[in-house]
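Structure below is work12.cif: mmCIF, C-alpha atoms.
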```
data_work
#
loop_
_atom_site.label_atom_id
_atom_site.label_comp_id
_atom_site.auth_asym_id
_atom_site.auth_seq_id
_atom_site.Cartn_x
_atom_site.Cartn_y
_atom_site.Cartn_z
CA MET M 1024 -46.72 -31.70 145.52
CA ARG M 1025 -48.61 -30.88 148.73
CA THR M 1026 -46.66 -28.49 150.94
CA ARG M 1027 -47.07 -27.74 154.61
CA PRO M 1028 -46.84 -24.37 156.37
CA TYR M 1029 -43.67 -23.33 158.27
CA ALA M 1030 -44.96 -24.49 161.63
CA THR M 1031 -45.28 -28.13 160.55
CA THR M 1032 -41.59 -28.46 159.78
CA SER M 1033 -38.49 -27.84 161.90
CA PRO M 1034 -34.73 -27.58 161.43
CA THR M 1035 -34.42 -31.20 162.58
CA ARG M 1036 -36.93 -32.47 159.99
CA LEU M 1037 -35.24 -30.45 157.27
CA ALA M 1038 -31.83 -31.79 158.26
CA ALA M 1039 -33.24 -35.33 158.06
CA ALA M 1040 -34.56 -34.55 154.57
CA LEU M 1041 -31.17 -33.13 153.51
CA LEU M 1042 -29.33 -36.19 154.79
CA GLU M 1043 -31.75 -38.45 152.85
CA VAL M 1044 -31.15 -36.55 149.60
CA ALA M 1045 -27.37 -36.53 150.16
CA ALA M 1046 -27.23 -40.27 150.91
CA ARG M 1047 -29.23 -41.06 147.77
CA SER M 1048 -27.79 -38.61 145.24
CA GLY M 1049 -24.71 -36.99 146.79
CA LEU M 1050 -24.37 -33.79 148.81
CA ASP M 1051 -24.16 -31.70 145.61
CA ALA M 1052 -27.79 -32.64 144.93
CA ALA M 1053 -28.95 -31.28 148.30
CA SER M 1054 -30.13 -27.86 147.09
CA VAL M 1055 -32.72 -25.84 149.02
CA ARG M 1056 -35.26 -26.83 146.34
CA GLU M 1057 -34.52 -30.57 146.67
CA VAL M 1058 -34.61 -30.44 150.46
CA ALA M 1059 -37.96 -28.63 150.37
CA ASN M 1060 -39.24 -31.24 147.93
CA GLU M 1061 -38.00 -34.15 150.06
CA ALA M 1062 -39.54 -32.65 153.21
CA GLY M 1063 -42.80 -31.81 151.44
CA VAL M 1064 -42.58 -28.11 152.30
CA SER M 1065 -42.14 -24.89 150.32
CA ILE M 1066 -38.76 -23.33 149.53
CA GLY M 1067 -39.92 -20.44 151.73
CA ALA M 1068 -40.34 -22.80 154.68
CA VAL M 1069 -36.74 -24.00 154.30
CA GLN M 1070 -35.51 -20.40 154.01
CA HIS M 1071 -37.54 -19.47 157.09
CA HIS M 1072 -35.54 -21.95 159.17
CA PHE M 1073 -32.24 -21.57 157.31
CA PRO M 1074 -31.68 -18.09 155.86
CA THR M 1075 -28.55 -19.35 154.04
CA LYS M 1076 -27.58 -22.66 152.47
CA ASP M 1077 -24.43 -22.63 154.60
CA GLU M 1078 -26.57 -22.63 157.76
CA MET M 1079 -28.64 -25.52 156.41
CA LEU M 1080 -25.50 -27.52 155.65
CA ALA M 1081 -23.81 -26.80 158.99
CA PHE M 1082 -26.93 -27.72 160.97
CA SER M 1083 -27.35 -30.94 158.96
CA PHE M 1084 -23.69 -31.87 159.43
CA ARG M 1085 -24.06 -31.35 163.21
CA THR M 1086 -27.21 -33.48 163.19
CA LEU M 1087 -25.38 -36.33 161.44
CA ALA M 1088 -22.30 -36.00 163.67
CA ASP M 1089 -24.48 -36.03 166.82
CA ARG M 1090 -26.18 -39.19 165.61
CA VAL M 1091 -22.79 -40.92 165.26
CA LEU M 1092 -21.44 -39.54 168.57
CA ASN M 1093 -24.59 -40.69 170.30
CA ARG M 1094 -24.09 -44.25 169.03
CA LEU M 1095 -20.45 -44.16 170.12
CA SER M 1096 -21.35 -43.01 173.63
CA ASN M 1097 -23.79 -45.92 173.95
CA VAL M 1098 -21.10 -48.56 173.38
CA ASP M 1099 -20.71 -50.64 176.57
CA PRO M 1100 -17.12 -50.57 177.83
CA ASP M 1101 -15.45 -53.98 178.08
CA ILE M 1102 -12.70 -54.92 180.55
CA ASP M 1103 -10.47 -55.46 177.50
CA PRO M 1104 -9.71 -52.00 175.99
CA GLY M 1105 -9.16 -53.65 172.59
CA ARG M 1106 -12.75 -54.91 172.57
CA THR M 1107 -14.14 -51.55 173.61
CA LEU M 1108 -12.18 -49.81 170.86
CA PHE M 1109 -13.28 -52.40 168.31
CA ALA M 1110 -16.95 -52.06 169.30
CA ALA M 1111 -16.82 -48.26 169.22
CA LEU M 1112 -14.88 -47.84 165.98
CA SER M 1113 -16.91 -50.43 164.09
CA GLN M 1114 -19.73 -47.87 164.41
CA LEU M 1115 -17.75 -45.74 161.94
CA LEU M 1116 -17.25 -48.44 159.29
CA PRO M 1117 -19.81 -49.08 156.51
CA LEU M 1118 -20.80 -52.50 157.91
CA ASP M 1119 -24.47 -52.01 157.01
CA GLU M 1120 -26.48 -49.72 154.75
CA THR M 1121 -27.12 -47.08 157.44
CA ARG M 1122 -23.43 -46.75 158.25
CA GLY M 1123 -22.58 -46.85 154.51
CA ASN M 1124 -24.84 -43.84 153.93
CA GLU M 1125 -23.39 -42.07 156.95
CA VAL M 1126 -19.82 -42.56 155.73
CA HIS M 1127 -20.73 -41.28 152.28
CA VAL M 1128 -22.42 -38.13 153.60
CA MET M 1129 -19.88 -37.49 156.40
CA SER M 1130 -17.04 -37.68 153.87
CA ALA M 1131 -18.84 -35.36 151.49
CA PHE M 1132 -19.24 -32.79 154.29
CA THR M 1133 -15.55 -33.20 155.15
CA VAL M 1134 -14.47 -32.51 151.57
CA ARG M 1135 -16.73 -29.46 151.52
CA ALA M 1136 -15.18 -28.37 154.82
CA VAL M 1137 -11.96 -27.63 152.87
CA THR M 1138 -13.74 -24.56 151.45
CA SER M 1139 -16.22 -23.90 154.32
CA PRO M 1140 -15.12 -22.69 157.77
CA SER M 1141 -18.49 -23.52 159.37
CA LEU M 1142 -18.33 -27.15 158.18
CA SER M 1143 -14.66 -27.36 159.15
CA ALA M 1144 -15.61 -26.32 162.71
CA VAL M 1145 -18.22 -29.12 162.93
CA ARG M 1146 -15.73 -31.67 161.60
CA SER M 1147 -12.93 -30.74 163.96
CA ALA M 1148 -15.22 -30.66 167.02
CA THR M 1149 -16.55 -34.12 166.12
CA LEU M 1150 -13.10 -35.60 165.57
CA PHE M 1151 -11.87 -34.01 168.77
CA THR M 1152 -14.64 -35.71 170.78
CA ILE M 1153 -13.99 -39.12 169.23
CA ARG M 1154 -10.21 -38.83 169.47
CA THR M 1155 -10.41 -37.81 173.12
CA GLY M 1156 -12.44 -40.93 173.91
CA ILE M 1157 -9.94 -43.18 172.11
CA SER M 1158 -6.97 -41.45 173.77
CA ARG M 1159 -8.50 -41.95 177.18
CA LEU M 1160 -8.85 -45.69 176.59
CA LEU M 1161 -5.30 -45.98 175.26
CA LEU M 1162 -3.89 -43.95 178.15
CA GLU M 1163 -5.73 -46.13 180.67
CA ALA M 1164 -4.24 -49.18 178.95
CA GLY M 1165 -0.76 -47.66 179.37
CA THR M 1166 -0.15 -47.23 175.64
CA PRO M 1167 2.88 -45.14 174.64
CA ASP M 1168 2.19 -41.96 172.60
CA ALA M 1169 -1.54 -42.53 173.13
CA GLU M 1170 -2.68 -39.30 171.48
CA THR M 1171 -0.88 -39.94 168.21
CA ARG M 1172 -2.04 -43.54 168.16
CA ALA M 1173 -5.61 -42.44 168.84
CA ALA M 1174 -5.45 -40.03 165.90
CA LEU M 1175 -4.02 -42.77 163.67
CA LEU M 1176 -6.65 -45.28 164.70
CA LEU M 1177 -9.40 -42.81 163.84
CA ALA M 1178 -7.69 -41.75 160.59
CA ALA M 1179 -7.24 -45.37 159.48
CA VAL M 1180 -10.91 -46.11 160.19
CA ASN M 1181 -12.06 -43.00 158.33
CA GLY M 1182 -9.73 -43.69 155.40
CA LEU M 1183 -10.89 -47.31 155.10
CA ALA M 1184 -14.52 -46.30 155.51
CA LEU M 1185 -14.38 -43.82 152.64
CA ASP M 1186 -12.75 -46.28 150.25
CA ALA M 1187 -15.17 -49.02 151.27
CA ALA M 1188 -18.10 -46.69 150.59
CA ALA M 1189 -16.65 -45.89 147.15
CA SER M 1190 -15.96 -49.56 146.23
CA PRO M 1191 -18.13 -51.76 148.49
CA GLU M 1192 -17.42 -54.92 146.45
CA LEU M 1193 -13.69 -54.66 147.30
CA TYR M 1194 -14.23 -54.29 151.06
CA PRO M 1195 -16.36 -57.13 152.42
CA ARG M 1196 -17.47 -56.95 156.04
CA GLU M 1197 -14.88 -59.57 157.12
CA TYR M 1198 -12.06 -57.59 155.52
CA LEU M 1199 -13.09 -54.38 157.27
CA THR M 1200 -13.43 -56.03 160.68
CA HIS M 1201 -10.07 -57.81 160.27
CA ALA M 1202 -8.42 -54.50 159.33
CA LEU M 1203 -10.00 -52.71 162.30
CA HIS M 1204 -8.93 -55.50 164.64
CA THR M 1205 -5.36 -55.26 163.31
CA GLN M 1206 -5.16 -51.48 163.74
CA VAL M 1207 -6.55 -51.74 167.29
CA GLN M 1208 -3.84 -54.30 168.13
CA LEU M 1209 -1.15 -52.08 166.59
CA ALA M 1210 -2.45 -49.10 168.59
CA LEU M 1211 -2.25 -51.14 171.80
CA ALA M 1212 1.22 -52.57 171.08
CA GLY M 1213 3.49 -52.01 174.06
CA ALA M 1214 0.57 -51.23 176.40
CA ASP M 1215 0.69 -52.46 180.01
CA VAL M 1216 -2.40 -54.64 179.64
CA HIS M 1217 -3.86 -56.54 176.66
CA MET W 1491 -13.11 -14.02 126.85
CA ARG W 1492 -11.04 -15.10 123.82
CA THR W 1493 -11.70 -18.72 122.90
CA ARG W 1494 -9.55 -21.07 120.85
CA PRO W 1495 -10.66 -23.65 118.28
CA TYR W 1496 -10.83 -27.39 119.15
CA ALA W 1497 -7.37 -28.12 117.83
CA THR W 1498 -5.61 -25.79 120.24
CA THR W 1499 -6.84 -27.69 123.27
CA SER W 1500 -6.54 -31.34 124.31
CA PRO W 1501 -7.97 -33.68 126.94
CA THR W 1502 -4.82 -33.14 129.01
CA ARG W 1503 -5.16 -29.34 128.94
CA LEU W 1504 -8.84 -29.59 129.82
CA ALA W 1505 -8.11 -31.96 132.69
CA ALA W 1506 -5.52 -29.49 133.99
CA ALA W 1507 -8.15 -26.73 133.80
CA LEU W 1508 -10.70 -28.89 135.65
CA LEU W 1509 -8.20 -29.71 138.40
CA GLU W 1510 -7.45 -25.98 138.80
CA VAL W 1511 -11.14 -25.12 139.16
CA ALA W 1512 -11.71 -27.99 141.59
CA ALA W 1513 -8.71 -27.07 143.76
CA ARG W 1514 -9.88 -23.45 143.95
CA SER W 1515 -13.65 -23.81 144.32
CA GLY W 1516 -14.43 -27.50 144.90
CA LEU W 1517 -15.25 -30.26 142.45
CA ASP W 1518 -18.94 -29.23 142.39
CA ALA W 1519 -17.87 -26.01 140.70
CA ALA W 1520 -16.13 -27.88 137.85
CA SER W 1521 -18.96 -27.66 135.32
CA VAL W 1522 -18.33 -27.94 131.57
CA ARG W 1523 -18.88 -24.17 131.37
CA GLU W 1524 -16.35 -23.40 134.12
CA VAL W 1525 -13.75 -25.76 132.64
CA ALA W 1526 -14.19 -24.17 129.20
CA ASN W 1527 -13.82 -20.75 130.79
CA GLU W 1528 -10.69 -21.75 132.74
CA ALA W 1529 -9.10 -23.30 129.62
CA GLY W 1530 -10.10 -20.32 127.45
CA VAL W 1531 -12.03 -22.50 124.96
CA SER W 1532 -15.67 -22.82 123.97
CA ILE W 1533 -18.12 -25.23 125.64
CA GLY W 1534 -18.25 -26.98 122.25
CA ALA W 1535 -14.49 -27.60 122.40
CA VAL W 1536 -14.85 -29.30 125.79
CA GLN W 1537 -17.78 -31.39 124.49
CA HIS W 1538 -15.73 -32.31 121.43
CA HIS W 1539 -13.12 -33.98 123.65
CA PHE W 1540 -15.52 -35.17 126.36
CA PRO W 1541 -19.01 -36.03 125.08
CA THR W 1542 -20.23 -36.47 128.67
CA LYS W 1543 -19.36 -34.83 131.98
CA ASP W 1544 -18.67 -38.29 133.41
CA GLU W 1545 -15.92 -38.83 130.81
CA MET W 1546 -14.41 -35.45 131.63
CA LEU W 1547 -14.40 -36.28 135.36
CA ALA W 1548 -12.96 -39.79 134.91
CA PHE W 1549 -10.17 -38.56 132.61
CA SER W 1550 -9.32 -35.74 135.04
CA PHE W 1551 -9.28 -38.12 138.01
CA ARG W 1552 -6.90 -40.45 136.11
CA THR W 1553 -4.69 -37.46 135.25
CA LEU W 1554 -4.47 -36.48 138.92
CA ALA W 1555 -3.91 -40.06 140.08
CA ASP W 1556 -1.14 -40.56 137.49
CA ARG W 1557 0.55 -37.40 138.69
CA VAL W 1558 0.62 -38.75 142.26
CA LEU W 1559 1.67 -42.28 141.20
CA ASN W 1560 4.44 -40.80 139.12
CA ARG W 1561 5.81 -38.92 142.13
CA LEU W 1562 5.61 -42.07 144.23
CA SER W 1563 7.50 -44.12 141.67
CA ASN W 1564 10.29 -41.54 141.67
CA VAL W 1565 11.00 -41.93 145.39
CA ASP W 1566 14.50 -43.36 145.86
CA PRO W 1567 14.43 -46.58 147.88
CA ASP W 1568 16.48 -46.50 151.09
CA ILE W 1569 18.14 -49.51 152.74
CA ASP W 1570 15.80 -48.90 155.69
CA PRO W 1571 12.24 -49.84 154.59
CA GLY W 1572 10.81 -47.43 157.17
CA ARG W 1573 12.57 -44.52 155.49
CA THR W 1574 11.41 -45.57 152.03
CA LEU W 1575 7.82 -45.84 153.28
CA PHE W 1576 8.05 -42.47 155.01
CA ALA W 1577 9.44 -40.77 151.90
CA ALA W 1578 6.80 -42.33 149.64
CA LEU W 1579 3.77 -41.75 151.86
CA SER W 1580 4.70 -38.19 152.73
CA GLN W 1581 3.92 -37.52 149.04
CA LEU W 1582 0.27 -38.14 149.96
CA LEU W 1583 0.09 -35.74 152.92
CA PRO W 1584 -0.76 -32.04 152.51
CA LEU W 1585 2.74 -30.89 153.47
CA ASP W 1586 2.71 -28.07 150.91
CA GLU W 1587 0.11 -26.20 148.86
CA THR W 1588 0.38 -28.52 145.82
CA ARG W 1589 -0.21 -31.62 147.91
CA GLY W 1590 -2.97 -29.83 149.88
CA ASN W 1591 -4.82 -29.13 146.62
CA GLU W 1592 -4.27 -32.71 145.47
CA VAL W 1593 -5.69 -34.14 148.70
CA HIS W 1594 -8.73 -31.88 148.46
CA VAL W 1595 -9.49 -32.82 144.85
CA MET W 1596 -8.61 -36.55 145.23
CA SER W 1597 -10.96 -36.78 148.22
CA ALA W 1598 -13.74 -35.01 146.34
CA PHE W 1599 -13.38 -37.53 143.48
CA THR W 1600 -13.45 -40.38 146.01
CA VAL W 1601 -16.68 -39.13 147.58
CA ARG W 1602 -18.20 -38.80 144.12
CA ALA W 1603 -17.02 -42.35 143.35
CA VAL W 1604 -19.68 -43.56 145.81
CA THR W 1605 -22.28 -42.74 143.15
CA SER W 1606 -20.08 -43.11 140.01
CA PRO W 1607 -18.75 -46.51 138.82
CA SER W 1608 -16.23 -44.92 136.43
CA LEU W 1609 -14.67 -42.82 139.23
CA SER W 1610 -14.79 -45.80 141.58
CA ALA W 1611 -12.75 -47.80 139.03
CA VAL W 1612 -10.06 -45.09 138.88
CA ARG W 1613 -9.92 -44.88 142.68
CA SER W 1614 -9.59 -48.63 143.23
CA ALA W 1615 -6.94 -49.04 140.51
CA THR W 1616 -4.92 -46.20 142.06
CA LEU W 1617 -5.17 -47.58 145.59
CA PHE W 1618 -4.31 -51.06 144.34
CA THR W 1619 -1.08 -49.76 142.77
CA ILE W 1620 -0.03 -47.86 145.89
CA ARG W 1621 -1.01 -50.68 148.26
CA THR W 1622 0.91 -53.24 146.21
CA GLY W 1623 4.06 -51.13 146.47
CA ILE W 1624 3.67 -50.77 150.24
CA SER W 1625 2.91 -54.49 150.66
CA ARG W 1626 6.04 -55.41 148.72
CA LEU W 1627 8.21 -53.30 151.04
CA LEU W 1628 6.57 -54.73 154.16
CA LEU W 1629 6.88 -58.31 152.86
CA GLU W 1630 10.56 -57.77 152.06
CA ALA W 1631 11.04 -56.49 155.61
CA GLY W 1632 9.44 -59.70 156.93
CA THR W 1633 6.38 -57.94 158.39
CA PRO W 1634 3.51 -60.17 159.56
CA ASP W 1635 0.12 -59.67 157.79
CA ALA W 1636 1.81 -57.31 155.36
CA GLU W 1637 -1.22 -56.78 153.12
CA THR W 1638 -3.53 -55.69 155.91
CA ARG W 1639 -0.85 -53.45 157.37
CA ALA W 1640 -0.22 -51.92 153.94
CA ALA W 1641 -3.92 -51.15 153.58
CA LEU W 1642 -4.01 -49.62 157.07
CA LEU W 1643 -0.92 -47.51 156.45
CA LEU W 1644 -2.49 -46.10 153.29
CA ALA W 1645 -5.90 -45.64 154.94
CA ALA W 1646 -4.36 -43.80 157.91
CA VAL W 1647 -2.43 -41.48 155.57
CA ASN W 1648 -5.53 -40.79 153.46
CA GLY W 1649 -7.71 -40.26 156.54
CA LEU W 1650 -5.20 -37.85 158.11
CA ALA W 1651 -4.68 -36.07 154.79
CA LEU W 1652 -8.38 -35.34 154.34
CA ASP W 1653 -8.81 -33.96 157.86
CA ALA W 1654 -5.64 -31.90 157.51
CA ALA W 1655 -6.95 -30.44 154.26
CA ALA W 1656 -10.25 -29.58 155.97
CA SER W 1657 -8.62 -27.99 159.06
CA PRO W 1658 -5.02 -27.08 158.13
CA GLU W 1659 -4.49 -25.01 161.30
CA LEU W 1660 -5.00 -28.14 163.46
CA TYR W 1661 -2.49 -30.29 161.57
CA PRO W 1662 0.89 -28.58 161.37
CA ARG W 1663 3.59 -30.18 159.24
CA GLU W 1664 5.42 -31.54 162.29
CA TYR W 1665 2.28 -33.22 163.57
CA LEU W 1666 1.60 -34.91 160.23
CA THR W 1667 5.16 -36.15 159.84
CA HIS W 1668 5.24 -37.44 163.43
CA ALA W 1669 1.95 -39.28 162.85
CA LEU W 1670 3.22 -40.80 159.59
CA HIS W 1671 6.46 -41.86 161.25
CA THR W 1672 4.47 -43.52 164.08
CA GLN W 1673 2.18 -45.42 161.70
CA VAL W 1674 5.18 -46.62 159.65
CA GLN W 1675 6.80 -47.93 162.85
CA LEU W 1676 3.55 -49.66 163.88
CA ALA W 1677 3.28 -51.23 160.41
CA LEU W 1678 6.85 -52.55 160.70
CA ALA W 1679 6.42 -53.87 164.28
CA GLY W 1680 7.57 -57.48 164.47
CA ALA W 1681 9.41 -57.28 161.13
CA ASP W 1682 12.74 -59.13 160.75
CA VAL W 1683 14.71 -55.96 160.09
CA HIS W 1684 14.26 -52.39 161.28
#
```

Can the structure from this file be put into C-alpha cells for me?
Amino acid sequence: MRTRPYATTSPTRLAAALLEVAARSGLDAASVREVANEAGVSIGAVQHHFPTKDEMLAFSFRTLADRVLNRLSNVDPDIDPGRTLFAALSQLLPLDETRGNEVHVMSAFTVRAVTSPSLSAVRSATLFTIRTGISRLLLEAGTPDAETRAALLLAAVNGLALDAAASPELYPREYLTHALHTQVQLALAGADVH
Amino acid sequence: MRTRPYATTSPTRLAAALLEVAARSGLDAASVREVANEAGVSIGAVQHHFPTKDEMLAFSFRTLADRVLNRLSNVDPDIDPGRTLFAALSQLLPLDETRGNEVHVMSAFTVRAVTSPSLSAVRSATLFTIRTGISRLLLEAGTPDAETRAALLLAAVNGLALDAAASPELYPREYLTHALHTQVQLALAGADVH
C-alpha cells in the first residue's frame, strides 16, 4: 500500500479514517494499524499526530460529536416547540445510513467511556450541550420540570437509537418517528403553549 | 496458573468468568485467553464448550440477560401501577455496583450486536420480554398508546443507564430515581387510574 509522509495527513483526516473503520467493523477494530491503513499513511504518521491511542480515540470522538452538534445547531426553529424538538432530535435517530453509522460509533465510544475518563469527558460535554438546548426550548414553552424532561427526552432518543442500530429490521423509520413524536408530546405535557 | 480439566468447568462458569472480565476491563478484553485465565482453565477447555468466540459471547449475553429478567420477574406487583413500574425499572439503572457493571456489559453487548446477528437476536428477545411486561401494566392502567409508551419508558431507562455508567459522578442515585419517577408518570399520563 502506498503511504504518504506526515505532512499530507492531519488529525482531522485520521479521525475521519478511524470513524470509517469503526462504522464498518466496530470500534474494537480501529487500531492504529487499521487507521493508518484506511488513511493510506504509515503507522509512524498516525503516531506523529497521536502519541497514544487514547488521544486518537478522544480526538475522533470529539470530531464525531462536533459533526452531530453542528447538524443540531443548523435546525431551523419553528414557532411550535414540539416541531423544533422533533426536527432536532430526529438528527440523533438512525433514520438513514449516515445517522445509523453515527449511532453505532457514538454508542461504542460511550460504552468505552465507562473505562476511559477522556472519552467520558467528551460524552458528558456533548450531552450537556444537547440537553441545555432541549431544556431551553421546554422552559420557553412553560414545561414543568424542564431539565428532567429534557434529560429524559434525550435518553429515550439515545436508547431507541442504539436498539434500532442493533436490530434495524425491528425499528422501521415510521416506528422511530412515531416514538419520537410521542416522547416530545409527553415532554411538553402541561406546558403553557402547544 | 493452575488449570482444571474440561469436566470441572461448564458453559455457565465460563460465562460468569467472561462477564467478570468484561465488567472489569471492557468486553473487548474478553478474549478466549482472558476468559480461560479468569476461570482457571486451559484455552482448550473454553474451546471445548464454545467452538467459536461468537458462541461464547452469545451464551454469556443470554446468561446476563436471564439474570436481569429473573430479577425483574421477582418484583412484587403493587396496586399502584406506577410503583410496580418504578420498582421493576429501577432494576435496570446503575443504582449499585452490581447494576452498574450489568449496564456497562449489557451496553457493550448491544453495541456489538450492530455487527453480530446472534447478539442482536439475544438483545431483541430480551427487550421484547421486558417491553411486553411494561405494556401489560400500562394497558391494565388504561394508558393510551401503551406499546409506544412502554418502548419509550424502556428506552429512556436504558439511555440514562448507559450515560450514568459512563459518567457516574454526574448521575447521583437521587437524580436517577427522580428521572425514572418522572418518566413513569409521563408514561401513565391520561391513564384511567393513578

> Between W:Gly1649, W:Gly1632, W:Gly1516, W:Gly1572, which has the minimum distance to chain M (counting only C-alpha atoms)?
Replying inline: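 With only C-alpha atoms as the atom set, the closest residue is W:Gly1649.
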
> For chain M, which of W:Thr1667, W:Thr1619, W:Ser1597, W:Thr1633 is the closest residue, counting only C-alpha atoms?
Replying inline: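 Smallest distance to chain M is found for W:Ser1597.
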
> When the cut-off is 8 Å and we count only C-alpha atoms, which residues of chain W are near chain M, given as a PyMOL selection string?
Replying inline: chain W and resi 1515-1516+1518+1594+1597-1598+1600-1605+1610+1614+1638-1639+1642-1650+1652-1653+1655-1657+1669+1672-1673+1676-1677

> What is the distance, in Å and to one decimal place, between CA of Leu1504 (chain W) and CA of Ala1615 (chain W)?
Replying inline: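 Computing it gives 22.3 Å between the two atoms.
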
> Which protein, DNA or RNA residues are at most 8 Å from (-5.4, -35.1, 141.0) in the file's coordinates when you count only C-alpha atoms, listed as a PyMOL selection string?
Replying inline: chain W and resi 1509+1550-1558+1592-1593+1595-1596

>> Once the PyMOL selection byres ((chain M and resi 1072) around 9) is applied to the coordinates I shared, what remains selected? I want it as number ranges by chain.
In response: M: 1029, 1032-1034, 1037, 1067-1071, 1073-1074, 1079

> What residues come out when you apply the PyMOL selection byres ((chain M and resi 1164) around 8) to this file, written as a VMD selection string?
Replying inline: chain M and resid 1104 1160 to 1163 1165 to 1166 1211 1214 to 1217

>> For a quick check of understanding, using all atoms listed in the file, which of W:Val1612, W:Ala1636, W:Ser1625, W:Pro1584 has the smallest distance to Glu1664 (chain W)?
In response: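 For Glu1664 (chain W), the nearest of the given residues is W:Pro1584.
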
> Which value, in Å to one decimal, gives the distance between CA of Leu1559 (chain W) and CA of Ser1580 (chain W)?
Replying inline: 12.6 Å

> Nearest to Lys1076 (chain M): which of M:Ala1038, M:Ile1102, M:Leu1118, M:Val1064 is it, counting only C-alpha atoms?
Replying inline: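 Selected residue with least distance to Lys1076 (chain M): M:Ala1038.
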
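For the residues W:Ala1548, W:Glu1510, W:His1671, W:Tyr1661, ranking by smallest atom-to-atom distance to Leu1575 (chain W) using all atoms listed in the file places W:His1671 first.
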
> Exactly which residues make up the result of the PyMOL selection byres ((chain M and resi 1040) around 9) on this file, given as an MDAnalysis selection string?
Replying inline: chainID M and resid 1035:1039 1041:1045 1057:1062

>> Please report the interatomic distance between CA of Leu1115 (chain M) and CA of Ala1640 (chain W) in Å with one decimal.
In response: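 Taking CA of Leu1115 (chain M) as the start and CA of Ala1640 (chain W) as the end point, the length is 20.2 Å.
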
Please return region 1611-1625 of chain W, rebuilt to N, CA, C and O atoms, as a PDB file, in the coordinates of the input.
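Everything below was put into out_12.pdb:
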```pdb
ATOM      1  N   ALA W1611     -13.772 -46.965 139.683  1.00  0.00           N
ATOM      2  CA  ALA W1611     -12.750 -47.800 139.030  1.00  0.00           C
ATOM      3  C   ALA W1611     -11.383 -47.121 139.065  1.00  0.00           C
ATOM      4  O   ALA W1611     -10.361 -47.779 139.319  1.00  0.00           O
ATOM      5  N   VAL W1612     -11.347 -45.816 138.834  1.00  0.00           N
ATOM      6  CA  VAL W1612     -10.060 -45.090 138.880  1.00  0.00           C
ATOM      7  C   VAL W1612      -9.504 -45.136 140.305  1.00  0.00           C
ATOM      8  O   VAL W1612      -8.314 -45.419 140.513  1.00  0.00           O
ATOM      9  N   ARG W1613     -10.369 -44.885 141.285  1.00  0.00           N
ATOM     10  CA  ARG W1613      -9.920 -44.880 142.680  1.00  0.00           C
ATOM     11  C   ARG W1613      -9.343 -46.246 143.069  1.00  0.00           C
ATOM     12  O   ARG W1613      -8.260 -46.323 143.652  1.00  0.00           O
ATOM     13  N   SER W1614     -10.066 -47.329 142.750  1.00  0.00           N
ATOM     14  CA  SER W1614      -9.590 -48.630 143.230  1.00  0.00           C
ATOM     15  C   SER W1614      -8.318 -49.051 142.503  1.00  0.00           C
ATOM     16  O   SER W1614      -7.432 -49.644 143.119  1.00  0.00           O
ATOM     17  N   ALA W1615      -8.185 -48.713 141.219  1.00  0.00           N
ATOM     18  CA  ALA W1615      -6.940 -49.040 140.510  1.00  0.00           C
ATOM     19  C   ALA W1615      -5.758 -48.274 141.121  1.00  0.00           C
ATOM     20  O   ALA W1615      -4.660 -48.826 141.294  1.00  0.00           O
ATOM     21  N   THR W1616      -5.985 -47.019 141.476  1.00  0.00           N
ATOM     22  CA  THR W1616      -4.920 -46.200 142.060  1.00  0.00           C
ATOM     23  C   THR W1616      -4.491 -46.747 143.419  1.00  0.00           C
ATOM     24  O   THR W1616      -3.298 -46.932 143.702  1.00  0.00           O
ATOM     25  N   LEU W1617      -5.483 -47.038 144.261  1.00  0.00           N
ATOM     26  CA  LEU W1617      -5.170 -47.580 145.590  1.00  0.00           C
ATOM     27  C   LEU W1617      -4.458 -48.916 145.472  1.00  0.00           C
ATOM     28  O   LEU W1617      -3.542 -49.209 146.238  1.00  0.00           O
ATOM     29  N   PHE W1618      -4.915 -49.743 144.512  1.00  0.00           N
ATOM     30  CA  PHE W1618      -4.310 -51.060 144.340  1.00  0.00           C
ATOM     31  C   PHE W1618      -2.811 -50.910 144.033  1.00  0.00           C
ATOM     32  O   PHE W1618      -1.968 -51.598 144.611  1.00  0.00           O
ATOM     33  N   THR W1619      -2.489 -49.982 143.135  1.00  0.00           N
ATOM     34  CA  THR W1619      -1.080 -49.760 142.770  1.00  0.00           C
ATOM     35  C   THR W1619      -0.266 -49.325 143.986  1.00  0.00           C
ATOM     36  O   THR W1619       0.830 -49.848 144.237  1.00  0.00           O
ATOM     37  N   ILE W1620      -0.795 -48.379 144.737  1.00  0.00           N
ATOM     38  CA  ILE W1620      -0.030 -47.860 145.890  1.00  0.00           C
ATOM     39  C   ILE W1620       0.104 -48.956 146.958  1.00  0.00           C
ATOM     40  O   ILE W1620       1.188 -49.186 147.501  1.00  0.00           O
ATOM     41  N   ARG W1621      -1.011 -49.661 147.222  1.00  0.00           N
ATOM     42  CA  ARG W1621      -1.010 -50.680 148.260  1.00  0.00           C
ATOM     43  C   ARG W1621      -0.061 -51.817 147.922  1.00  0.00           C
ATOM     44  O   ARG W1621       0.609 -52.361 148.793  1.00  0.00           O
ATOM     45  N   THR W1622       0.009 -52.173 146.639  1.00  0.00           N
ATOM     46  CA  THR W1622       0.910 -53.240 146.210  1.00  0.00           C
ATOM     47  C   THR W1622       2.358 -52.857 146.484  1.00  0.00           C
ATOM     48  O   THR W1622       3.156 -53.675 146.959  1.00  0.00           O
ATOM     49  N   GLY W1623       2.699 -51.602 146.201  1.00  0.00           N
ATOM     50  CA  GLY W1623       4.060 -51.130 146.470  1.00  0.00           C
ATOM     51  C   GLY W1623       4.394 -51.174 147.951  1.00  0.00           C
ATOM     52  O   GLY W1623       5.487 -51.594 148.349  1.00  0.00           O
ATOM     53  N   ILE W1624       3.435 -50.750 148.784  1.00  0.00           N
ATOM     54  CA  ILE W1624       3.670 -50.770 150.240  1.00  0.00           C
ATOM     55  C   ILE W1624       3.798 -52.209 150.730  1.00  0.00           C
ATOM     56  O   ILE W1624       4.701 -52.541 151.505  1.00  0.00           O
ATOM     57  N   SER W1625       2.886 -53.075 150.261  1.00  0.00           N
ATOM     58  CA  SER W1625       2.910 -54.490 150.660  1.00  0.00           C
ATOM     59  C   SER W1625       4.261 -55.118 150.351  1.00  0.00           C
ATOM     60  O   SER W1625       4.816 -55.865 151.154  1.00  0.00           O
TER      61      SER W1625
END
```
